Amino acid sequence: MSRNITPPGVTRDSPEIKRSGMPRGIRASITDELRPLFSPRILFAAWLPCLAITVGHYATGPEYHWVHDVLRRLYYLPILFAAFAAGSRGAIALSVFASIVYLPHAFGSLIARDPGGAIEKGLEVFLYNGVAIVAGLLVDRERRERGKAQRLANALSTALEAHRRAEQQLIRAGKLGALGEMTAGIAHEIKNPLHAMKGTAEILRDVVPEGTPERRMLDLHMGEIDRLSQVADRFLSFAKPSPPDRRPIDLREVVDRVVELVDTQARRHGVTIDTAPCIKDPLPVVSGDPDQLVQLLLNVALNGIQAMTPAGRGTLSIAIGRLQHAGEWRVFVRVANTGPPIPEAELERVFDPFFTTRDEGTGLGLSICSRIADQHDGHLSVENLPGGGVAFTLSLPAFPDDDGE
């Protein structure tokens with residue numbers, strides 16, 4: 001009983017089978033197999049020389065024994081080149097072709113006959129195919145070993161890159177710990193006299209009439225005290241961050257809240273917020289503190305708006321999605337801007353404490369963001385985009401066994 005091997009969706013009356021006698025998928029597979037054997041490189045370096053050697057055989061008279069001996073052995077050159085270029089398939093295909101076109105001249109009387117001995121000529125044909133098989137198999141093995149070596153090199157490169165990132169995180173954690181202890185002491189020492197200075201300034205302001213130069217100086221004095229107090233609070237939050245109140249959350253709600261908070265400032269600076277890449281499909285929930293994650297993404301978004309402001313209008317793109325890494329589902333939020341790229345020498349330092357490219361910055365914002373990501377078992381990374389701009393990506397692990405479906 002015959003079996004129907006026609007692929008699904010293709011009937012025996014389909015145009016594909018009527019035209020060629022076989023389904024289109026099978027024809028495409030055969031074409032893909034044959035294409036490397038007839039590439040321009042092999043055509044000009046193997047097939048055409050093989051034909052030229054054959055023409056030389058047939059055109060040479062039987063009285064020129066030495067010419068036939070040379071031509072008979074020249075077949076090895078295109079066979080070996082086919083092996084190097086296309087492996088065993090190319091070598092065997094060319095050796096079979098050389099055998100077929102040479103046999104009528106070796107043992108027949110078509111046009112002319114090779115004057116060599118029958119055993120010699122038969123052995124030569126046998127060696128054509130034997131050399132093709134051995135050379136082709138060796139080339140195939142070398143390619144497999146080269147592929148294994150390349151895959152091993154890629155795996156080692158990935159492992160080394162992961163090791164380098166882990167080492168950088170450890171170094172950064174050590175720096176953060178040392179700086180945290182130092183800044184905590186400094187901030188406490190600063191805040192105590194600031195409270196006293198603000199108290200005395202408030203008492204003096206009550207007795208100084210409004211509209212006088214002294215009152216304006218006191219107002220300026222109190223404004224600077226408040227600014228210094230905010231800086232001290234920021235140092236304290238960096239030195240002793242509050243532990244996250246983690247609970248199951250949907251990161252899309254966090255992103256919506258961040259968009260509402262930055263929308264006014266973005267419109268003021270002519271920046272467009274694009275949330276089109278945010279997927280609408282179910283997402284895995286993550287364990288996190290909504291307020292701290294809002295603080296992280298808000299800081300990144302505001303940095304992006306500030307980076308685009310000097311150059312004029314721009315676009316702040318926020319994408320959210322999921323990916324599977326090492327068998328674990330992770331949810332990512334990507335905040336990209338169209339501002340100028342970060343110099344490569346500074347790209348790996350953006351999360352270091354006190355590193356900033358703005359005169360008015362303290363260099364603690366992104367350091368705090370990186371620490372928040374670490375407290376959530378996540379990772380915050382930065383990269384320059386090929387077409388211009390900078391992208392920050394926050395990756396957080398999903399709840400176990402939750403893929404969002």
# chains A, B, ... in the order shown; residues from 1 in each chain; ligands from 1

call {"tool": "residues_around", "arguments": {"residues": "Ala201 (chain A)", "least_positions_apart": "6", "cutoff": "9 Å", "atoms": "only C-alpha atoms", "output": "list in words"}}
result
Leu218, Asp219, His221 and Met222 of chain A

call {"tool": "residues_around", "arguments": {"residues": "Leu251 (chain A)", "least_positions_apart": "4", "cutoff": "8 Å", "atoms": "only C-alpha atoms", "output": "ChimeraX atom specification"}}
result
/A:255,285-286

call {"tool": "write_last_selection", "arguments": {"atoms": "C-alpha atoms", "output": "PDB file, in the first residue's frame"}}
result
ATOM      1  CA  VAL A 255       5.846  52.382  34.026  1.00  0.00           C
ATOM      2  CA  VAL A 285       4.723  39.532  37.999  1.00  0.00           C
ATOM      3  CA  VAL A 286       7.866  40.508  39.848  1.00  0.00           C
TER       4      VAL A 286
END

call {"tool": "closest_residue", "arguments": {"among": "A:Gly130, A:Gly339, A:Pro40, A:Pro282", "to": "Ala85 (chain A)", "atoms": "only C-alpha atoms"}}
result
A:Pro40

call {"tool": "closest_residue", "arguments": {"among": "A:Arg330, A:Phe392, A:His379, A:Ala345", "to": "Ala166 (chain A)", "atoms": "only C-alpha atoms"}}
result
A:His379

call {"tool": "atom_distance", "arguments": {"atom1": "CA of Pro78 (chain A)", "atom2": "CA of Gly122 (chain A)"}}
result
19.1 Å
